[in-house]
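Just data.cif here, mmCIF, C-alpha atoms and all ligand atoms:
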```
data_input
loop_
_atom_site.group_PDB
_atom_site.id
_atom_site.type_symbol
_atom_site.label_atom_id
_atom_site.label_comp_id
_atom_site.auth_asym_id
_atom_site.auth_seq_id
_atom_site.Cartn_x
_atom_site.Cartn_y
_atom_site.Cartn_z
ATOM 1 C CA ILE A 103 35.494 15.075 12.372
ATOM 2 C CA LEU A 104 32.665 14.015 10.096
ATOM 3 C CA ARG A 105 34.009 10.497 9.753
ATOM 4 C CA CYS A 106 34.280 10.320 13.516
ATOM 5 C CA LEU A 107 30.675 11.488 13.921
ATOM 6 C CA TRP A 108 29.358 8.929 11.421
ATOM 7 C CA SER A 109 31.151 6.090 13.119
ATOM 8 C CA THR A 110 30.074 7.004 16.645
ATOM 9 C CA SER A 111 26.538 8.262 16.267
ATOM 10 C CA THR A 112 23.601 6.041 15.362
ATOM 11 C CA SER A 113 21.281 9.065 15.247
ATOM 12 C CA LEU A 114 23.041 10.183 12.059
ATOM 13 C CA ARG A 115 21.576 7.294 10.051
ATOM 14 C CA PRO A 116 20.844 8.905 6.658
ATOM 15 C CA ARG A 117 17.105 9.624 6.752
ATOM 16 C CA ASN A 118 14.749 11.769 4.771
ATOM 17 C CA SER A 119 17.179 12.130 1.884
ATOM 18 C CA HIS A 120 16.130 14.128 -1.150
ATOM 19 C CA VAL A 121 13.123 12.497 -2.831
ATOM 20 C CA THR A 122 12.609 12.613 -6.626
ATOM 21 C CA HIS A 123 9.811 10.029 -7.138
ATOM 22 C CA VAL A 124 6.811 8.938 -5.051
ATOM 23 C CA ILE A 125 5.017 5.567 -5.027
ATOM 24 C CA PHE A 126 1.628 5.226 -3.334
ATOM 25 C CA ASP A 127 0.052 2.091 -1.997
ATOM 26 C CA MET A 128 -3.695 2.150 -2.698
ATOM 27 C CA ASP A 129 -5.928 0.223 -0.275
ATOM 28 C CA GLY A 130 -6.128 1.792 3.159
ATOM 29 C CA LEU A 131 -3.751 4.561 2.055
ATOM 30 C CA LEU A 132 -5.440 6.484 -0.779
ATOM 31 C CA LEU A 133 -8.823 4.737 -0.520
ATOM 32 C CA ASN A 134 -10.952 3.571 2.422
ATOM 33 C CA THR A 135 -11.039 0.129 0.817
ATOM 34 C CA GLU A 136 -9.443 -1.723 3.773
ATOM 35 C CA ASP A 137 -12.708 -1.246 5.673
ATOM 36 C CA LEU A 138 -14.537 -2.532 2.609
ATOM 37 C CA TYR A 139 -12.248 -5.590 2.323
ATOM 38 C CA THR A 140 -12.984 -6.321 5.999
ATOM 39 C CA GLU A 141 -16.708 -6.183 5.285
ATOM 40 C CA ALA A 142 -16.447 -8.468 2.244
ATOM 41 C CA PHE A 143 -14.111 -10.992 3.922
ATOM 42 C CA GLN A 144 -16.303 -11.045 7.053
ATOM 43 C CA ASN A 145 -19.463 -11.622 5.006
ATOM 44 C CA ILE A 146 -17.946 -14.806 3.576
ATOM 45 C CA CYS A 147 -16.487 -15.938 6.913
ATOM 46 C CA SER A 148 -19.896 -15.380 8.581
ATOM 47 C CA GLU A 149 -21.455 -17.946 6.232
ATOM 48 C CA TYR A 150 -19.324 -20.482 8.129
ATOM 49 C CA GLY A 151 -19.721 -18.932 11.603
ATOM 50 C CA LYS A 152 -16.119 -17.651 11.571
ATOM 51 C CA GLU A 153 -14.533 -14.314 12.425
ATOM 52 C CA TYR A 154 -12.072 -12.522 10.120
ATOM 53 C CA THR A 155 -9.869 -11.331 12.976
ATOM 54 C CA TRP A 156 -7.538 -8.342 12.911
ATOM 55 C CA SER A 157 -4.510 -10.610 13.250
ATOM 56 C CA ILE A 158 -5.527 -12.637 10.166
ATOM 57 C CA LYS A 159 -6.251 -9.415 8.292
ATOM 58 C CA MET A 160 -2.865 -7.884 9.138
ATOM 59 C CA HIS A 161 -1.195 -10.884 7.578
ATOM 60 C CA CYS A 162 -3.338 -10.552 4.414
ATOM 61 C CA MET A 163 -3.073 -6.805 3.808
ATOM 62 C CA GLY A 164 -0.958 -6.040 0.730
ATOM 63 C CA GLN A 165 -0.639 -9.667 -0.348
ATOM 64 C CA LYS A 166 -1.710 -11.020 -3.710
ATOM 65 C CA PRO A 167 -5.348 -12.248 -3.760
ATOM 66 C CA ASP A 168 -4.301 -15.935 -4.071
ATOM 67 C CA ALA A 169 -2.023 -15.724 -1.058
ATOM 68 C CA SER A 170 -4.549 -13.982 1.196
ATOM 69 C CA ALA A 171 -7.308 -16.383 0.118
ATOM 70 C CA LYS A 172 -5.178 -19.401 0.972
ATOM 71 C CA TYR A 173 -4.086 -17.938 4.324
ATOM 72 C CA THR A 174 -7.646 -17.075 5.397
ATOM 73 C CA ILE A 175 -9.014 -20.475 4.362
ATOM 74 C CA ASP A 176 -6.215 -22.253 6.259
ATOM 75 C CA GLN A 177 -6.448 -20.138 9.420
ATOM 76 C CA LEU A 178 -10.227 -20.494 9.704
ATOM 77 C CA ASN A 179 -10.521 -24.026 8.301
ATOM 78 C CA LEU A 180 -13.057 -22.925 5.717
ATOM 79 C CA PRO A 181 -14.498 -25.672 3.491
ATOM 80 C CA LEU A 182 -13.552 -23.791 0.309
ATOM 81 C CA THR A 183 -10.903 -24.008 -2.398
ATOM 82 C CA THR A 184 -8.933 -20.869 -3.278
ATOM 83 C CA GLU A 185 -10.931 -20.637 -6.510
ATOM 84 C CA GLN A 186 -14.271 -20.916 -4.692
ATOM 85 C CA TRP A 187 -13.167 -18.243 -2.198
ATOM 86 C CA LYS A 188 -12.094 -15.900 -4.989
ATOM 87 C CA GLU A 189 -15.396 -16.332 -6.806
ATOM 88 C CA LYS A 190 -17.392 -15.478 -3.683
ATOM 89 C CA LEU A 191 -15.064 -12.591 -2.892
ATOM 90 C CA GLY A 192 -15.292 -11.119 -6.383
ATOM 91 C CA LYS A 193 -19.086 -10.873 -6.026
ATOM 92 C CA GLN A 194 -18.804 -9.210 -2.601
ATOM 93 C CA LEU A 195 -16.155 -6.741 -3.748
ATOM 94 C CA ASN A 196 -18.190 -5.618 -6.762
ATOM 95 C CA VAL A 197 -20.892 -4.520 -4.321
ATOM 96 C CA VAL A 198 -18.827 -2.941 -1.510
ATOM 97 C CA PHE A 199 -16.333 -1.123 -3.762
ATOM 98 C CA SER A 200 -19.098 1.083 -5.169
ATOM 99 C CA ARG A 201 -18.710 2.851 -1.792
ATOM 100 C CA SER A 202 -14.948 3.460 -2.071
ATOM 101 C CA LYS A 203 -13.840 6.946 -1.023
ATOM 102 C CA LEU A 204 -10.564 8.866 -1.035
ATOM 103 C CA LEU A 205 -9.013 9.122 2.431
ATOM 104 C CA PRO A 206 -8.319 12.534 4.064
ATOM 105 C CA GLY A 207 -5.325 14.326 2.557
ATOM 106 C CA ALA A 208 -4.973 12.035 -0.484
ATOM 107 C CA LYS A 209 -6.379 14.435 -3.058
ATOM 108 C CA LYS A 210 -4.420 17.428 -1.776
ATOM 109 C CA LEU A 211 -1.071 15.598 -1.647
ATOM 110 C CA VAL A 212 -1.415 13.890 -5.031
ATOM 111 C CA SER A 213 -2.561 17.093 -6.815
ATOM 112 C CA HIS A 214 0.301 18.983 -5.203
ATOM 113 C CA LEU A 215 3.014 16.524 -6.284
ATOM 114 C CA LYS A 216 1.504 16.306 -9.772
ATOM 115 C CA SER A 217 1.415 20.103 -10.139
ATOM 116 C CA LYS A 218 5.107 20.271 -9.134
ATOM 117 C CA GLY A 219 6.092 17.684 -11.778
ATOM 118 C CA ILE A 220 7.057 14.923 -9.322
ATOM 119 C CA PRO A 221 6.577 11.491 -10.977
ATOM 120 C CA ILE A 222 3.946 9.545 -9.002
ATOM 121 C CA ALA A 223 3.023 5.863 -9.242
ATOM 122 C CA ILE A 224 0.741 3.289 -7.619
ATOM 123 C CA CYS A 225 1.897 -0.111 -6.377
ATOM 124 C CA SER A 226 -0.997 -2.248 -5.138
ATOM 125 C CA GLY A 227 -1.549 -5.887 -4.232
ATOM 126 C CA SER A 228 -4.893 -5.618 -6.015
ATOM 127 C CA SER A 229 -6.064 -7.470 -9.127
ATOM 128 C CA LYS A 230 -7.126 -5.555 -12.233
ATOM 129 C CA ALA A 231 -10.815 -6.459 -11.722
ATOM 130 C CA ALA A 232 -10.775 -5.184 -8.126
ATOM 131 C CA PHE A 233 -8.945 -2.033 -9.260
ATOM 132 C CA VAL A 234 -11.676 -1.245 -11.786
ATOM 133 C CA ALA A 235 -14.426 -1.790 -9.183
ATOM 134 C CA LYS A 236 -12.818 0.515 -6.613
ATOM 135 C CA THR A 237 -11.598 3.290 -8.937
ATOM 136 C CA SER A 238 -14.170 3.615 -11.749
ATOM 137 C CA HIS A 239 -15.915 6.470 -9.896
ATOM 138 C CA HIS A 240 -12.541 8.176 -9.211
ATOM 139 C CA SER A 241 -11.110 7.886 -12.724
ATOM 140 C CA GLU A 242 -9.868 11.488 -12.942
ATOM 141 C CA PHE A 243 -7.899 11.085 -9.713
ATOM 142 C CA PHE A 244 -6.300 7.778 -10.764
ATOM 143 C CA SER A 245 -5.407 9.062 -14.254
ATOM 144 C CA GLN A 246 -2.667 11.113 -12.565
ATOM 145 C CA PHE A 247 -0.462 8.086 -11.791
ATOM 146 C CA ASP A 248 2.062 6.441 -14.104
ATOM 147 C CA PRO A 249 2.861 3.593 -13.742
ATOM 148 C CA ILE A 250 0.020 1.809 -11.945
ATOM 149 C CA VAL A 251 1.236 -1.651 -10.948
ATOM 150 C CA LEU A 252 -1.421 -4.193 -9.922
ATOM 151 C CA CYS A 253 0.500 -7.112 -8.463
ATOM 152 C CA GLY A 254 -2.589 -9.350 -8.217
ATOM 153 C CA ASP A 255 -2.245 -10.323 -11.853
ATOM 154 C CA ASP A 256 0.978 -8.708 -13.059
ATOM 155 C CA PRO A 257 3.199 -11.532 -14.392
ATOM 156 C CA GLU A 258 6.406 -9.596 -13.659
ATOM 157 C CA VAL A 259 5.651 -9.433 -9.917
ATOM 158 C CA LYS A 260 6.580 -12.933 -8.791
ATOM 159 C CA HIS A 261 5.894 -12.466 -5.061
ATOM 160 C CA GLY A 262 3.471 -10.028 -3.428
ATOM 161 C CA LYS A 263 4.288 -7.733 -0.495
ATOM 162 C CA PRO A 264 6.191 -8.178 1.894
ATOM 163 C CA HIS A 265 8.648 -9.212 -0.851
ATOM 164 C CA PRO A 266 10.241 -6.193 -2.542
ATOM 165 C CA ASP A 267 9.313 -7.347 -6.095
ATOM 166 C CA ALA A 268 6.254 -5.112 -6.320
ATOM 167 C CA TYR A 269 8.251 -1.967 -5.548
ATOM 168 C CA ASN A 270 11.207 -3.015 -7.734
ATOM 169 C CA VAL A 271 8.902 -3.542 -10.705
ATOM 170 C CA THR A 272 7.067 -0.251 -10.090
ATOM 171 C CA ASN A 273 10.393 1.594 -9.945
ATOM 172 C CA SER A 274 11.574 0.005 -13.196
ATOM 173 C CA ARG A 275 8.431 1.275 -14.968
ATOM 174 C CA PHE A 276 8.985 4.979 -14.288
ATOM 175 C CA ALA A 277 9.887 6.776 -17.541
ATOM 176 C CA PHE A 278 13.380 7.333 -16.085
ATOM 177 C CA PRO A 279 13.874 4.772 -13.291
ATOM 178 C CA PRO A 280 15.482 6.500 -10.282
ATOM 179 C CA ASN A 281 17.850 5.220 -7.618
ATOM 180 C CA PRO A 282 15.508 3.567 -5.045
ATOM 181 C CA LYS A 283 17.114 5.676 -2.293
ATOM 182 C CA THR A 284 15.441 8.761 -3.751
ATOM 183 C CA VAL A 285 12.012 7.113 -3.930
ATOM 184 C CA LEU A 286 9.409 7.728 -1.224
ATOM 185 C CA VAL A 287 6.763 5.072 -0.573
ATOM 186 C CA PHE A 288 3.457 5.690 1.244
ATOM 187 C CA GLU A 289 2.006 2.583 2.902
ATOM 188 C CA ASP A 290 -0.587 1.654 5.514
ATOM 189 C CA ALA A 291 0.210 -2.050 5.995
ATOM 190 C CA PRO A 292 3.138 -3.779 7.733
ATOM 191 C CA ASN A 293 3.684 -6.059 4.682
ATOM 192 C CA GLY A 294 3.904 -3.013 2.413
ATOM 193 C CA VAL A 295 6.355 -1.187 4.673
ATOM 194 C CA ILE A 296 8.672 -4.213 4.696
ATOM 195 C CA ALA A 297 8.416 -4.454 0.888
ATOM 196 C CA GLY A 298 9.359 -0.783 0.432
ATOM 197 C CA VAL A 299 12.240 -0.906 2.908
ATOM 198 C CA GLU A 300 13.570 -4.123 1.333
ATOM 199 C CA ALA A 301 13.483 -2.382 -2.060
ATOM 200 C CA GLY A 302 15.821 0.260 -0.578
ATOM 201 C CA MET A 303 13.222 3.037 -0.462
ATOM 202 C CA GLN A 304 12.143 5.502 2.227
ATOM 203 C CA VAL A 305 8.703 4.736 3.662
ATOM 204 C CA VAL A 306 6.041 6.942 5.232
ATOM 205 C CA MET A 307 3.594 4.709 7.081
ATOM 206 C CA VAL A 308 0.012 5.783 7.788
ATOM 207 C CA PRO A 309 -1.152 2.744 9.761
ATOM 208 C CA ASP A 310 -4.568 1.725 11.025
ATOM 209 C CA HIS A 311 -4.694 2.506 14.771
ATOM 210 C CA ARG A 312 -4.791 -1.250 15.509
ATOM 211 C CA VAL A 313 -1.291 -1.858 14.066
ATOM 212 C CA PRO A 314 1.031 -2.361 17.073
ATOM 213 C CA ASN A 315 4.019 -0.020 17.507
ATOM 214 C CA THR A 316 6.464 -2.881 16.988
ATOM 215 C CA LEU A 317 5.254 -3.051 13.372
ATOM 216 C CA THR A 318 5.506 0.671 12.633
ATOM 217 C CA GLU A 319 9.162 0.987 13.645
ATOM 218 C CA LYS A 320 10.564 -0.205 10.313
ATOM 219 C CA ALA A 321 9.104 2.811 8.513
ATOM 220 C CA THR A 322 11.155 5.995 8.075
ATOM 221 C CA VAL A 323 8.297 7.815 9.790
ATOM 222 C CA ALA A 324 4.742 6.893 10.912
ATOM 223 C CA LEU A 325 1.915 9.450 10.666
ATOM 224 C CA LYS A 326 -1.710 9.471 11.864
ATOM 225 C CA SER A 327 -3.009 10.813 8.554
ATOM 226 C CA LEU A 328 -1.757 11.829 5.095
ATOM 227 C CA GLU A 329 -2.835 15.321 6.180
ATOM 228 C CA ASP A 330 0.116 15.386 8.600
ATOM 229 C CA PHE A 331 2.740 14.854 5.863
ATOM 230 C CA LYS A 332 5.111 17.760 5.242
ATOM 231 C CA PRO A 333 6.639 17.375 1.749
ATOM 232 C CA GLU A 334 9.614 19.598 2.627
ATOM 233 C CA ASP A 335 10.732 17.076 5.294
ATOM 234 C CA PHE A 336 11.754 14.825 2.382
ATOM 235 C CA GLY A 337 13.149 17.515 0.074
ATOM 236 C CA LEU A 338 9.887 17.793 -1.893
ATOM 237 C CA PRO A 339 8.299 21.187 -2.695
ATOM 238 C CA ALA A 340 6.267 22.520 0.256
ATOM 239 C CA TYR A 341 2.549 23.254 -0.086
ATOM 240 C CA ASP A 342 1.986 26.733 -1.530
ATOM 241 C CA GLU A 343 -0.391 28.103 1.114
HETATM 242 O O1 LIG B 1 -8.490 -7.576 4.371
HETATM 243 C C1 LIG B 1 -7.751 -7.640 3.384
HETATM 244 N N1 LIG B 1 -7.156 -6.540 2.895
HETATM 245 C C2 LIG B 1 -6.305 -6.580 1.817
HETATM 246 C C3 LIG B 1 -6.024 -7.750 1.200
HETATM 247 C C4 LIG B 1 -5.100 -7.875 0.027
HETATM 248 O O2 LIG B 1 -4.295 -6.726 -0.051
HETATM 249 C C5 LIG B 1 -4.457 -6.099 -1.324
HETATM 250 C C6 LIG B 1 -4.440 -4.608 -1.203
HETATM 251 O O3 LIG B 1 -3.144 -4.234 -0.962
HETATM 252 P P1 LIG B 1 -2.558 -2.774 -1.211
HETATM 253 O O4 LIG B 1 -2.805 -2.039 0.051
HETATM 254 O O5 LIG B 1 -1.139 -3.133 -1.476
HETATM 255 O O6 LIG B 1 -3.263 -2.150 -2.383
HETATM 256 C C7 LIG B 1 -5.791 -6.567 -1.815
HETATM 257 O O7 LIG B 1 -5.878 -6.518 -3.211
HETATM 258 C C8 LIG B 1 -5.860 -7.978 -1.294
HETATM 259 O O8 LIG B 1 -5.171 -8.842 -2.175
HETATM 260 C C9 LIG B 1 -6.645 -8.916 1.709
HETATM 261 O O9 LIG B 1 -6.448 -9.999 1.187
HETATM 262 N N2 LIG B 1 -7.477 -8.825 2.793
HETATM 263 MG MG MG B 2 -2.521 -0.808 1.707
#
```
Do you think you could lay out the structure here as structure tokens?
Ligand SMILES: O=c1[nH]cc([C@@H]2O[C@H](COP(=O)(O)O)[C@@H](O)[C@H]2O)c(=O)[nH]1
Ligand SMILES: [Mg+2]
Amino acid sequence: ILRCLWSTSTSLRPRNSHVTHVIFDMDGLLLNTEDLYTEAFQNICSEYGKEYTWSIKMHCMGQKPDASAKYTIDQLNLPLTTEQWKEKLGKQLNVVFSRSKLLPGAKKLVSHLKSKGIPIAICSGSSKAAFVAKTSHHSEFFSQFDPIVLCGDDPEVKHGKPHPDAYNVTNSRFAFPPNPKTVLVFEDAPNGVIAGVEAGMQVVMVPDHRVPNTLTEKATVALKSLEDFKPEDFGLPAYDE
């Protein structure tokens, strides 16, 4: 009977299987830094009378800094080399990232998983320099993650999100690398969701409200906020309260 059910029902696609390890994206998921990236990118674009549109931004989110620089320059015809863009951006980011804040639900979820002994990691498209600028005033919070993979300048990550490399490399750096099927990824960006799914992982998406529904469908589930996540839905220990 079971075999018959599997072969006839699409609703029995294995979902929400038992999770042993969790990997968090960083920008726009744990930190409010997507808004800060928008500010910094727009400040540079404004020097040339150009708009950093949502559609350009959606393409950039999660990518390595070189790739997003090149894409933005090309789309807006900016008279800058990738190196010149990155120099300007670095200066902007050092200023705006002093205002980085944890997003609602991040602290509660991360502390909970940590207290229950679930291995937790970070997989970000960020560079090391940008990571330091956005996390130096949250160092206690970020000390809870191991590994922290910063694809921006990690030589082992050949291609940024949406390629699965970033998540494959993060998985391989857990003390005891698990089967990707038992890994849960949290992501805000379409590129990151594709990367996690391609790496064979389950993905909870917490998208910006401007992300169209067609781009949230690849995720295992899409939530409005990290506060809406129920760990027990994925076989993780429930909150104690
Ligand atoms: O408006 C933007 N947001 C984000 C990025 C890129 O996405 C990365 C953050 O991705 P993640 O959410 O994977 O940490 C940043 O380091 C940057 O390279 C960008 O280029 N432009
Ligand atoms: Mg993100």
Find the residues around segment 227-244 of chain A up to 8 Å (all atoms listed in the file counted), leave out those fewer than 2 positions away in its own chain, and share them as a PyMOL selection string.
-> chain A and resi 135+164-167+192+195-196+199-202+209+225+246-247+252-255+262-263
Set the cut-off to 9 Å, count all atoms listed in the file, and list whatever residues fall near ligand MG 2 (chain B) as a list in words.
->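 The distance check yields Phe126, Asp127, Met128, Asp129, Gly130, Leu131, Leu132, Leu133, Thr135, Glu136, Met163, Gly164, Ser226, Gly227, Phe288, Glu289, Asp290, Ala291, Pro292, Asn293, Gly294 and Pro309 of chain A.
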Surrounding residues of segment 182-185 of chain A excluding itself and chain neighbours under 6 positions, 12 Å, all atoms listed in the file, as a PyMOL selection string = chain A and resi 146-147+149-150+167-176+191-192
For ligand LIG 1 (chain B), which residue out of A:Glu343, A:Glu300, A:Glu258, A:Asp310 is the nearest one, using only C-alpha atoms and all ligand atoms?
->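 Ranking A:Glu343, A:Glu300, A:Glu258, A:Asp310 by distance to ligand LIG 1 (chain B), first place goes to A:Asp310.
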For ligand LIG 1 (chain B), which residue among A:Pro314, A:Gly302, A:Pro264, A:Pro339 is the nearest when counting only C-alpha atoms and all ligand atoms?
-> A:Pro264
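In terms of minimum interatomic distance to ligand LIG 1 (chain B), A:His161 ranks closest within A:His161, A:Lys203, A:His123, A:Lys210, counting only C-alpha atoms and all ligand atoms.
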Straight-line distance linking atom O6 of ligand LIG 1 (chain B) with atom CA of Asp335 of chain A, stated in Å to one decimal =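 Computing it gives 25.0 Å between the two atoms.
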Return the single residue from A:Lys193, A:Ser119, A:Arg312, A:Phe143 that is closest to Leu178 of chain A, with distances computed using only C-alpha atoms.
-> A:Phe143
Rounded to one decimal place, report the atom CA of Pro206 of chain A-atom CA of Leu328 of chain A distance in Å.
-> 6.7 Å
